[in-house]
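J.: What follows is entry.pdb; its format and atoms are PDB, C-alpha atoms.
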```pdb
MODEL        1
ATOM      1  CA  MET O   1      78.163 -33.060 -49.018
ATOM      2  CA  PRO O   2      78.259 -29.973 -46.781
ATOM      3  CA  VAL O   3      75.494 -29.335 -44.269
ATOM      4  CA  ARG O   4      73.640 -26.239 -45.476
ATOM      5  CA  TYR O   5      72.151 -24.083 -42.729
ATOM      6  CA  LEU O   6      69.905 -21.062 -42.409
ATOM      7  CA  ILE O   7      69.990 -18.467 -39.600
ATOM      8  CA  VAL O   8      66.697 -16.764 -38.733
ATOM      9  CA  ASP O   9      67.023 -14.024 -36.110
ATOM     10  CA  ASP O  10      65.812 -10.410 -36.056
ATOM     11  CA  GLU O  11      69.006  -9.262 -34.279
ATOM     12  CA  ALA O  12      71.888  -8.655 -36.688
ATOM     13  CA  ARG O  13      74.456  -9.111 -33.945
ATOM     14  CA  SER O  14      73.035 -12.484 -32.951
ATOM     15  CA  ARG O  15      73.098 -13.641 -36.578
ATOM     16  CA  SER O  16      76.700 -12.492 -36.937
ATOM     17  CA  ASN O  17      77.813 -14.168 -33.706
ATOM     18  CA  LEU O  18      76.239 -17.478 -34.695
ATOM     19  CA  ARG O  19      77.647 -17.330 -38.228
ATOM     20  CA  LEU O  20      81.155 -16.642 -36.928
ATOM     21  CA  ALA O  21      80.875 -19.408 -34.323
ATOM     22  CA  LEU O  22      79.910 -21.893 -37.040
ATOM     23  CA  THR O  23      83.033 -21.173 -39.082
ATOM     24  CA  ASP O  24      84.734 -23.814 -36.921
ATOM     25  CA  ALA O  25      82.375 -26.407 -38.440
ATOM     26  CA  SER O  26      84.313 -26.875 -41.687
ATOM     27  CA  ASP O  27      81.675 -28.997 -43.405
ATOM     28  CA  TRP O  28      78.824 -26.587 -42.619
ATOM     29  CA  GLU O  29      77.857 -24.037 -45.275
ATOM     30  CA  LEU O  30      75.702 -20.941 -44.779
ATOM     31  CA  ALA O  31      72.705 -20.868 -47.147
ATOM     32  CA  ALA O  32      71.240 -17.546 -45.985
ATOM     33  CA  GLU O  33      70.679 -15.187 -43.066
ATOM     34  CA  CYS O  34      67.173 -13.873 -42.430
ATOM     35  CA  ALA O  35      65.775 -11.244 -40.079
ATOM     36  CA  SER O  36      62.185 -12.507 -40.075
ATOM     37  CA  ALA O  37      60.004 -15.525 -40.667
ATOM     38  CA  ALA O  38      58.797 -13.978 -43.951
ATOM     39  CA  ALA O  39      62.375 -13.601 -45.199
ATOM     40  CA  ALA O  40      63.099 -17.178 -44.151
ATOM     41  CA  ARG O  41      60.212 -18.464 -46.281
ATOM     42  CA  GLU O  42      61.629 -16.677 -49.311
ATOM     43  CA  ALA O  43      65.124 -17.991 -48.589
ATOM     44  CA  LEU O  44      63.902 -21.564 -48.175
ATOM     45  CA  ALA O  45      62.075 -21.292 -51.498
ATOM     46  CA  ARG O  46      65.396 -20.407 -53.173
ATOM     47  CA  HIS O  47      67.913 -22.408 -51.149
ATOM     48  CA  ALA O  48      67.853 -25.959 -49.842
ATOM     49  CA  ALA O  49      68.662 -26.091 -46.127
ATOM     50  CA  ASP O  50      69.430 -29.060 -43.922
ATOM     51  CA  VAL O  51      69.332 -27.142 -40.627
ATOM     52  CA  VAL O  52      67.535 -23.964 -39.541
ATOM     53  CA  PHE O  53      68.676 -21.985 -36.495
ATOM     54  CA  LEU O  54      65.384 -20.347 -35.577
ATOM     55  CA  ASP O  55      64.929 -17.530 -33.073
ATOM     56  CA  ILE O  56      61.622 -17.791 -31.219
ATOM     57  CA  GLN O  57      61.111 -14.233 -30.006
ATOM     58  CA  MET O  58      60.880 -12.066 -33.127
ATOM     59  CA  PRO O  59      58.670  -9.019 -33.799
ATOM     60  CA  GLY O  60      55.729  -9.698 -36.062
ATOM     61  CA  GLU O  61      55.635 -13.429 -36.624
ATOM     62  CA  SER O  62      57.090 -15.630 -33.929
ATOM     63  CA  GLY O  63      59.560 -18.292 -34.922
ATOM     64  CA  LEU O  64      56.972 -20.822 -33.756
ATOM     65  CA  VAL O  65      54.739 -19.855 -36.695
ATOM     66  CA  LEU O  66      57.485 -20.816 -39.129
ATOM     67  CA  ALA O  67      58.195 -23.985 -37.145
ATOM     68  CA  ARG O  68      54.572 -25.098 -37.567
ATOM     69  CA  GLU O  69      54.804 -24.567 -41.316
ATOM     70  CA  LEU O  70      58.021 -26.550 -41.528
ATOM     71  CA  ALA O  71      56.467 -29.319 -39.428
ATOM     72  CA  ALA O  72      53.829 -29.830 -42.124
ATOM     73  CA  GLN O  73      56.530 -30.933 -44.571
ATOM     74  CA  PRO O  74      57.168 -34.689 -44.855
ATOM     75  CA  ALA O  75      60.934 -34.161 -44.442
ATOM     76  CA  PRO O  76      61.504 -30.715 -42.915
ATOM     77  CA  PRO O  77      64.954 -29.294 -42.206
ATOM     78  CA  LEU O  78      66.189 -29.871 -38.682
ATOM     79  CA  VAL O  79      65.235 -26.899 -36.505
ATOM     80  CA  ILE O  80      67.509 -25.786 -33.691
ATOM     81  CA  PHE O  81      65.499 -23.279 -31.696
ATOM     82  CA  VAL O  82      67.299 -20.227 -30.314
ATOM     83  CA  THR O  83      65.902 -18.372 -27.308
ATOM     84  CA  ALA O  84      67.023 -15.830 -24.738
ATOM     85  CA  TYR O  85      64.683 -17.022 -21.996
ATOM     86  CA  SER O  86      61.475 -18.912 -21.175
ATOM     87  CA  GLU O  87      61.960 -21.997 -19.039
ATOM     88  CA  HIS O  88      58.542 -23.196 -20.162
ATOM     89  CA  ALA O  89      59.593 -23.212 -23.820
ATOM     90  CA  ILE O  90      62.843 -25.017 -23.018
ATOM     91  CA  ASP O  91      60.921 -27.638 -21.064
ATOM     92  CA  ALA O  92      58.690 -28.243 -24.102
ATOM     93  CA  PHE O  93      61.691 -28.687 -26.403
ATOM     94  CA  GLU O  94      63.070 -31.402 -24.159
ATOM     95  CA  VAL O  95      59.711 -33.143 -23.868
ATOM     96  CA  PHE O  96      59.462 -33.365 -27.657
ATOM     97  CA  ALA O  97      63.181 -34.256 -28.088
ATOM     98  CA  LEU O  98      63.953 -31.087 -30.044
ATOM     99  CA  ASP O  99      67.213 -29.177 -29.802
ATOM    100  CA  TYR O 100      67.611 -25.610 -28.623
ATOM    101  CA  LEU O 101      70.276 -23.032 -27.809
ATOM    102  CA  LEU O 102      70.136 -20.423 -25.060
ATOM    103  CA  LYS O 103      71.424 -16.916 -25.764
ATOM    104  CA  PRO O 104      74.224 -16.065 -25.293
ATOM    105  CA  ILE O 105      75.256 -19.251 -27.057
ATOM    106  CA  GLY O 106      78.253 -21.033 -25.569
ATOM    107  CA  ASP O 107      80.795 -22.743 -27.827
ATOM    108  CA  ALA O 108      80.442 -26.122 -26.107
ATOM    109  CA  ARG O 109      76.650 -26.108 -26.330
ATOM    110  CA  LEU O 110      76.748 -25.063 -29.990
ATOM    111  CA  ALA O 111      79.216 -27.842 -30.752
ATOM    112  CA  GLN O 112      76.847 -30.324 -29.096
ATOM    113  CA  ALA O 113      73.897 -29.095 -31.183
ATOM    114  CA  VAL O 114      75.984 -29.306 -34.367
ATOM    115  CA  GLU O 115      77.040 -32.864 -33.514
ATOM    116  CA  ARG O 116      73.464 -33.917 -32.793
ATOM    117  CA  ALA O 117      72.210 -32.431 -36.054
ATOM    118  CA  ALA O 118      74.997 -34.071 -38.046
ATOM    119  CA  GLY O 119      74.149 -37.413 -36.452
ATOM    120  CA  MET O 120      70.477 -37.069 -37.348
ATOM    121  CA  LEU O 121      71.314 -36.206 -40.947
ATOM    122  CA  ALA O 122      73.862 -39.011 -41.276
ATOM    123  CA  GLN O 123      71.378 -41.620 -40.082
ATOM    124  CA  ARG O 124      68.603 -40.252 -42.304
ATOM    125  CA  GLN O 125      66.282 -39.558 -39.398
ATOM    126  CA  ARG O 126      64.254 -36.841 -41.157
ATOM    127  CA  GLY O 127      61.017 -38.851 -40.938
ATOM    128  CA  ALA O 128      61.261 -39.445 -37.197
ATOM    129  CA  TYR O 129      62.312 -35.851 -36.665
ATOM    130  CA  ALA O 130      59.348 -34.591 -38.715
ATOM    131  CA  ALA O 131      56.975 -36.544 -36.448
ATOM    132  CA  ALA O 132      58.545 -35.013 -33.322
ATOM    133  CA  LEU O 133      58.362 -31.501 -34.806
ATOM    134  CA  ARG O 134      54.703 -32.039 -35.738
ATOM    135  CA  ASP O 135      53.976 -33.153 -32.182
ATOM    136  CA  TYR O 136      55.531 -29.955 -30.882
ATOM    137  CA  ALA O 137      53.768 -27.735 -33.418
ATOM    138  CA  GLY O 138      50.460 -29.520 -32.885
ATOM    139  CA  ALA O 139      50.567 -28.669 -29.184
ATOM    140  CA  GLY O 140      49.775 -25.092 -30.200
ATOM    141  CA  THR O 141      51.568 -23.204 -27.464
ATOM    142  CA  GLY O 142      54.424 -25.679 -27.395
ATOM    143  CA  SER O 143      53.154 -26.982 -24.053
ATOM    144  CA  ALA O 144      53.069 -30.736 -23.588
ATOM    145  CA  GLU O 145      49.944 -30.266 -21.479
ATOM    146  CA  ALA O 146      48.096 -28.514 -24.322
ATOM    147  CA  ARG O 147      46.769 -31.889 -25.424
ATOM    148  CA  ARG O 148      46.773 -35.437 -24.192
ATOM    149  CA  MET O 149      49.888 -37.188 -25.361
ATOM    150  CA  GLU O 150      49.837 -40.831 -26.386
ATOM    151  CA  HIS O 151      53.584 -41.269 -26.740
ATOM    152  CA  VAL O 152      56.907 -39.762 -25.788
ATOM    153  CA  ASN O 153      59.741 -38.797 -28.140
ATOM    154  CA  VAL O 154      63.091 -40.098 -26.912
ATOM    155  CA  ARG O 155      66.317 -38.719 -28.342
ATOM    156  CA  SER O 156      69.511 -40.747 -28.425
ATOM    157  CA  VAL O 157      72.688 -40.355 -30.465
ATOM    158  CA  GLY O 158      71.631 -39.488 -34.009
ATOM    159  CA  SER O 159      68.014 -40.574 -33.644
ATOM    160  CA  ILE O 160      64.585 -39.831 -32.230
ATOM    161  CA  GLU O 161      62.328 -42.723 -31.247
ATOM    162  CA  ARG O 162      58.606 -42.479 -30.605
ATOM    163  CA  ILE O 163      57.541 -44.743 -27.724
ATOM    164  CA  ARG O 164      53.882 -45.255 -26.899
ATOM    165  CA  PHE O 165      52.958 -44.865 -23.259
ATOM    166  CA  GLU O 166      50.987 -48.107 -23.393
ATOM    167  CA  ASP O 167      54.250 -49.937 -24.140
ATOM    168  CA  ILE O 168      55.979 -48.630 -21.004
ATOM    169  CA  LEU O 169      55.513 -51.199 -18.226
ATOM    170  CA  TRP O 170      57.270 -49.219 -15.510
ATOM    171  CA  MET O 171      59.835 -46.461 -15.158
ATOM    172  CA  GLN O 172      62.550 -45.567 -12.717
ATOM    173  CA  ALA O 173      64.514 -42.377 -12.021
ATOM    174  CA  ALA O 174      68.197 -42.404 -12.994
ATOM    175  CA  SER O 175      69.651 -38.999 -12.054
ATOM    176  CA  ASN O 176      68.451 -36.528 -14.723
ATOM    177  CA  TYR O 177      67.098 -39.399 -16.808
ATOM    178  CA  VAL O 178      64.214 -41.827 -16.555
ATOM    179  CA  GLU O 179      64.730 -45.472 -17.456
ATOM    180  CA  LEU O 180      61.700 -46.612 -19.442
ATOM    181  CA  HIS O 181      61.167 -50.363 -19.146
ATOM    182  CA  LEU O 182      59.445 -51.935 -22.143
ATOM    183  CA  ALA O 183      58.600 -55.594 -22.673
ATOM    184  CA  ALA O 184      61.940 -56.560 -24.209
ATOM    185  CA  ARG O 185      64.294 -53.651 -23.500
ATOM    186  CA  SER O 186      64.922 -50.473 -21.539
ATOM    187  CA  VAL O 187      65.390 -46.942 -22.888
ATOM    188  CA  LEU O 188      66.944 -43.905 -21.202
ATOM    189  CA  HIS O 189      64.988 -40.668 -21.621
ATOM    190  CA  ARG O 190      66.448 -37.314 -20.573
ATOM    191  CA  ILE O 191      63.688 -36.007 -18.309
ATOM    192  CA  THR O 192      63.018 -36.028 -14.582
ATOM    193  CA  LEU O 193      60.569 -38.538 -13.127
ATOM    194  CA  ASN O 194      58.436 -35.723 -11.694
ATOM    195  CA  ARG O 195      58.177 -34.108 -15.135
ATOM    196  CA  MET O 196      57.442 -37.439 -16.770
ATOM    197  CA  GLU O 197      54.621 -38.053 -14.310
ATOM    198  CA  THR O 198      52.799 -34.924 -15.513
ATOM    199  CA  LEU O 199      52.771 -36.249 -19.093
ATOM    200  CA  LEU O 200      51.360 -39.710 -18.389
ATOM    201  CA  PRO O 201      47.772 -40.580 -19.349
ATOM    202  CA  PRO O 202      45.645 -40.016 -16.243
ATOM    203  CA  GLY O 203      44.679 -43.198 -14.431
ATOM    204  CA  ASP O 204      47.057 -45.506 -16.302
ATOM    205  CA  TYR O 205      50.050 -45.276 -13.976
ATOM    206  CA  LEU O 206      50.695 -45.247 -10.246
ATOM    207  CA  ARG O 207      53.668 -43.926  -8.328
ATOM    208  CA  VAL O 208      54.863 -46.469  -5.774
ATOM    209  CA  HIS O 209      58.179 -44.924  -4.763
ATOM    210  CA  ARG O 210      59.864 -41.548  -5.108
ATOM    211  CA  SER O 211      61.936 -43.108  -7.890
ATOM    212  CA  THR O 212      59.403 -45.522  -9.440
ATOM    213  CA  ILE O 213      56.142 -45.358 -11.413
ATOM    214  CA  VAL O 214      54.353 -48.490 -12.655
ATOM    215  CA  ARG O 215      51.459 -49.234 -14.994
ATOM    216  CA  ARG O 216      48.398 -50.159 -12.969
ATOM    217  CA  ASP O 217      47.761 -53.254 -15.100
ATOM    218  CA  GLN O 218      51.271 -54.493 -14.240
ATOM    219  CA  ILE O 219      50.593 -54.664 -10.497
ATOM    220  CA  ALA O 220      50.706 -58.319  -9.424
ATOM    221  CA  LEU O 221      51.910 -58.970  -5.854
ATOM    222  CA  LEU O 222      52.569 -56.774  -2.823
ATOM    223  CA  ALA O 223      54.707 -58.384  -0.134
ATOM    224  CA  THR O 224      56.384 -57.276   3.077
ATOM    225  CA  ASP O 225      59.906 -58.096   4.190
ATOM    226  CA  GLY O 226      60.975 -58.950   7.712
ATOM    227  CA  ASP O 227      62.037 -55.381   8.432
ATOM    228  CA  GLY O 228      58.563 -54.050   7.613
ATOM    229  CA  SER O 229      59.461 -52.684   4.195
ATOM    230  CA  TYR O 230      57.325 -53.492   1.133
ATOM    231  CA  ARG O 231      58.152 -54.723  -2.326
ATOM    232  CA  LEU O 232      55.969 -54.925  -5.414
ATOM    233  CA  THR O 233      56.224 -57.643  -8.049
ATOM    234  CA  LEU O 234      54.987 -56.716 -11.526
ATOM    235  CA  ARG O 235      53.454 -59.044 -14.102
ATOM    236  CA  CYS O 236      56.545 -58.590 -16.266
ATOM    237  CA  GLY O 237      58.623 -60.066 -13.425
ATOM    238  CA  ALA O 238      60.279 -56.859 -12.209
ATOM    239  CA  VAL O 239      60.415 -56.195  -8.466
ATOM    240  CA  THR O 240      60.520 -52.693  -6.994
ATOM    241  CA  ALA O 241      60.489 -51.154  -3.537
ATOM    242  CA  VAL O 242      57.345 -49.422  -2.252
ATOM    243  CA  SER O 243      57.509 -46.272  -0.131
ATOM    244  CA  GLU O 244      55.282 -45.899   2.924
ATOM    245  CA  ARG O 245      54.067 -42.628   1.431
ATOM    246  CA  TYR O 246      52.486 -44.421  -1.561
ATOM    247  CA  LEU O 247      51.422 -47.632   0.201
ATOM    248  CA  ALA O 248      47.791 -46.650   0.847
ATOM    249  CA  ALA O 249      47.215 -45.627  -2.772
ATOM    250  CA  LEU O 250      48.770 -48.888  -3.973
ATOM    251  CA  LYS O 251      46.604 -50.989  -1.681
ATOM    252  CA  SER O 252      43.550 -49.083  -2.891
ATOM    253  CA  ALA O 253      44.508 -49.705  -6.499
ATOM    254  CA  MET O 254      44.816 -53.433  -5.761
TER     255      MET O 254
ENDMDL
END
```
Would you write the structure of this file as structure tokens?

T.:
Amino acid sequence: MPVRYLIVDDEARSRSNLRLALTDASDWELAAECASAAAAREALARHAADVVFLDIQMPGESGLVLARELAAQPAPPLVIFVTAYSEHAIDAFEVFALDYLLKPIGDARLAQAVERAAGMLAQRQRGAYAAALRDYAGAGTGSAEARRMEHVNVRSVGSIERIRFEDILWMQAASNYVELHLAARSVLHRITLNRMETLLPPGDYLRVHRSTIVRRDQIALLATDGDGSYRLTLRCGAVTAVSERYLAALKSAM
């Protein structure tokens, strides 16, 4: 079955450029083009769509208004947000594991978004995606700080997984990713450790190194090596280095 998609953008040229770029995706089929959120509602009432390319900055109703309505559906179409700017908005998309495209849209980035969407559809991940979209819409402004989060949405190939913060024992920076260590496995999440730290429930976690954050209830043993450096053993058995910068706070927490 072809993947049916909808383009929602108030700029005719942007709609045309995206439509032409998607002609390379042979199994993708255009359902409709819309210049407003109101027109998109009418189109969605007439045509089934698997994916919606949704511009955020539109006169009248913002694309976010339509996104909130779609999020209320039990199995909404996948939304690939399209934006010309706003680092804050892009940051929110990544926090909630949603996909986005920056104008002007590059061929490689579009191909990546198409592949991700196809993977989600193939693995029947609509339910997990709906939960992530509701999280984003429920934040109101799209800001992760707009409300206290109890979990993080982690995107991998063809799937989105919701992981509760209380299940994360400790985490460690890995380039542009953070390795989340759970009781029985580890998960890579595309976010920086500094950004992740701002999302954590206040008081539950403690930074012990520039690359490591641990749950306070996992702290077990602080020891010093012969060279004067410190290491921390966690209740789960993991051992991590401790920076001098965070040593006083760790000792206080113990």

J.: With 12 Å as the cut-off and only C-alpha atoms counted, what is the closest atom pair between each nearby residue of range 135-191 of chain O and range 226-235 of chain O? Distances in Å to one decimal, ordered by chain and number, as a tab-separated table.

T.:
```
residue	atom	partner	partner_atom	distance
O:Leu169	CA	O:Leu234	CA	8.7
O:Trp170	CA	O:Leu234	CA	8.8
O:Met171	CA	O:Leu234	CA	11.9
O:His181	CA	O:Leu234	CA	11.7
O:Ala183	CA	O:Arg235	CA	10.6
```

J.: Just to be explicit: take each residue in the selection above, keep C-alpha atoms, and write the result as a PDB file, in the frame of the given file.

T.:
```pdb
ATOM      1  CA  LEU O 169      55.513 -51.199 -18.226  1.00  0.00           C
ATOM      2  CA  TRP O 170      57.270 -49.219 -15.510  1.00  0.00           C
ATOM      3  CA  MET O 171      59.835 -46.461 -15.158  1.00  0.00           C
ATOM      4  CA  HIS O 181      61.167 -50.363 -19.146  1.00  0.00           C
ATOM      5  CA  ALA O 183      58.600 -55.594 -22.673  1.00  0.00           C
TER       6      ALA O 183
END
```

J.: Around (60.8, -37.0, -17.9) in the file's own coordinates, what residues are found within 12 Å if you use only C-alpha atoms, given back as number ranges by chain?

T.: O: 91-97, 144, 152-155, 171-180, 188-200, 211, 213

J.: Those residues with C-alpha atoms, as a PDB file, keeping the file's coordinate frame please?

T.:
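Final file, part.pdb:
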```pdb
ATOM      1  CA  ASP O  91      60.921 -27.638 -21.064  1.00  0.00           C
ATOM      2  CA  ALA O  92      58.690 -28.243 -24.102  1.00  0.00           C
ATOM      3  CA  PHE O  93      61.691 -28.687 -26.403  1.00  0.00           C
ATOM      4  CA  GLU O  94      63.070 -31.402 -24.159  1.00  0.00           C
ATOM      5  CA  VAL O  95      59.711 -33.143 -23.868  1.00  0.00           C
ATOM      6  CA  PHE O  96      59.462 -33.365 -27.657  1.00  0.00           C
ATOM      7  CA  ALA O  97      63.181 -34.256 -28.088  1.00  0.00           C
ATOM      8  CA  ALA O 144      53.069 -30.736 -23.588  1.00  0.00           C
ATOM      9  CA  VAL O 152      56.907 -39.762 -25.788  1.00  0.00           C
ATOM     10  CA  ASN O 153      59.741 -38.797 -28.140  1.00  0.00           C
ATOM     11  CA  VAL O 154      63.091 -40.098 -26.912  1.00  0.00           C
ATOM     12  CA  ARG O 155      66.317 -38.719 -28.342  1.00  0.00           C
ATOM     13  CA  MET O 171      59.835 -46.461 -15.158  1.00  0.00           C
ATOM     14  CA  GLN O 172      62.550 -45.567 -12.717  1.00  0.00           C
ATOM     15  CA  ALA O 173      64.514 -42.377 -12.021  1.00  0.00           C
ATOM     16  CA  ALA O 174      68.197 -42.404 -12.994  1.00  0.00           C
ATOM     17  CA  SER O 175      69.651 -38.999 -12.054  1.00  0.00           C
ATOM     18  CA  ASN O 176      68.451 -36.528 -14.723  1.00  0.00           C
ATOM     19  CA  TYR O 177      67.098 -39.399 -16.808  1.00  0.00           C
ATOM     20  CA  VAL O 178      64.214 -41.827 -16.555  1.00  0.00           C
ATOM     21  CA  GLU O 179      64.730 -45.472 -17.456  1.00  0.00           C
ATOM     22  CA  LEU O 180      61.700 -46.612 -19.442  1.00  0.00           C
ATOM     23  CA  LEU O 188      66.944 -43.905 -21.202  1.00  0.00           C
ATOM     24  CA  HIS O 189      64.988 -40.668 -21.621  1.00  0.00           C
ATOM     25  CA  ARG O 190      66.448 -37.314 -20.573  1.00  0.00           C
ATOM     26  CA  ILE O 191      63.688 -36.007 -18.309  1.00  0.00           C
ATOM     27  CA  THR O 192      63.018 -36.028 -14.582  1.00  0.00           C
ATOM     28  CA  LEU O 193      60.569 -38.538 -13.127  1.00  0.00           C
ATOM     29  CA  ASN O 194      58.436 -35.723 -11.694  1.00  0.00           C
ATOM     30  CA  ARG O 195      58.177 -34.108 -15.135  1.00  0.00           C
ATOM     31  CA  MET O 196      57.442 -37.439 -16.770  1.00  0.00           C
ATOM     32  CA  GLU O 197      54.621 -38.053 -14.310  1.00  0.00           C
ATOM     33  CA  THR O 198      52.799 -34.924 -15.513  1.00  0.00           C
ATOM     34  CA  LEU O 199      52.771 -36.249 -19.093  1.00  0.00           C
ATOM     35  CA  LEU O 200      51.360 -39.710 -18.389  1.00  0.00           C
ATOM     36  CA  SER O 211      61.936 -43.108  -7.890  1.00  0.00           C
ATOM     37  CA  ILE O 213      56.142 -45.358 -11.413  1.00  0.00           C
TER      38      ILE O 213
END
```

J.: In Å, how far is it from CA of Arg215 in chain O to CA of Phe165 in chain O?

T.: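 That distance, rounded to one decimal, is 9.5 Å.
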
J.: Box along x, y and z, 6 Å on every side, all listed atoms of range 104-117 of chain O inside: centre and edge lengths in Å to one decimal, as JSON.

T.:
```
{"center_x": 76.5, "center_y": -25.0, "center_z": -30.7, "size_x": 20.6, "size_y": 29.9, "size_z": 22.8}
```

J.: Please write the residues picked by the PyMOL selection byres ((chain O and resi 240-249) around 9) on this file as a list in words.

T.: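 When the PyMOL selection byres ((chain O and resi 240-249) around 9) is applied to the shown file, the picked residues are Leu206, Arg207, Val208, His209, Arg210, Thr212, Leu222, Ser229, Tyr230, Arg231, Leu232, Thr233, Leu234, Ala238, Val239, Leu250, Lys251, Ser252, Ala253 and Met254 of chain O.
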
J.: Which residues are close to range 44-51 of chain O, i.e. within 9 Å by all atoms listed in the file, leaving aside same-chain residues fewer than 5 positions away? Reply as a list in words.

T.: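 Counting all atoms listed in the file, the residues come to Val3, Arg4, Tyr5, Leu6, Ile7, Leu30, Ala31, Ala32, Ala39, Pro76, Pro77, Leu78, Val79, Ile80, Ala117 and Leu121 of chain O.
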
J.: Find the distance between CA of Ile160 in chain O and CA of Asp24 in chain O and write it in Å to one decimal.

T.: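 These atoms are spaced 26.2 Å apart.
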
J.: Take CA of Asp107 in chain O and CA of Ser36 in chain O and report the distance between them in Å, one decimal.

T.: 24.5 Å

J.: Could you tell me which residues the PyMOL selection byres ((chain O and resi 201) around 8) grabs in this file, written as a PyMOL selection string?

T.: chain O and resi 148-150+165+199-200+202-205

J.: Measuring atom to atom with all atoms listed in the file, identify which of O:Thr224, O:Gln57, O:Gln112, O:Gln218 is nearest to Asp9 in chain O.

T.: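 With all atoms listed in the file as the atom set, the closest residue is O:Gln57.
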
J.: Do you know which residues are at most 8 Å from Ala37 in chain O counting all atoms listed in the file, after dropping those on the same chain fewer than 5 positions away, and could you put them as a VMD selection string?

T.: chain O and resid 8 61 to 63 65 to 66

J.: Got a sec to resolve the PyMOL selection byres ((chain O and resi 158) around 9) on this structure and send the residues as a PyMOL selection string?

T.: chain O and resi 115-125+155-157+159-160

J.: Got a sec to check which residues sit within 9 Å of (55.2, -36.7, -33.7), counting all atoms listed in the file, and write them as number ranges by chain?

T.: O: 96, 128-136, 138, 151-153, 162

J.: Residues as selected, C-alpha atoms, written as a short mmCIF file (atom, residue, chain, number, x, y, z; two decimals), keeping the file's coordinate frame, can you do that?

T.:
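The resulting part.cif:
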```cif
data_model
loop_
_atom_site.label_atom_id
_atom_site.label_comp_id
_atom_site.auth_asym_id
_atom_site.auth_seq_id
_atom_site.Cartn_x
_atom_site.Cartn_y
_atom_site.Cartn_z
CA PHE O 96 59.46 -33.36 -27.66
CA ALA O 128 61.26 -39.44 -37.20
CA TYR O 129 62.31 -35.85 -36.66
CA ALA O 130 59.35 -34.59 -38.72
CA ALA O 131 56.98 -36.54 -36.45
CA ALA O 132 58.54 -35.01 -33.32
CA LEU O 133 58.36 -31.50 -34.81
CA ARG O 134 54.70 -32.04 -35.74
CA ASP O 135 53.98 -33.15 -32.18
CA TYR O 136 55.53 -29.96 -30.88
CA GLY O 138 50.46 -29.52 -32.88
CA HIS O 151 53.58 -41.27 -26.74
CA VAL O 152 56.91 -39.76 -25.79
CA ASN O 153 59.74 -38.80 -28.14
CA ARG O 162 58.61 -42.48 -30.60
#
```
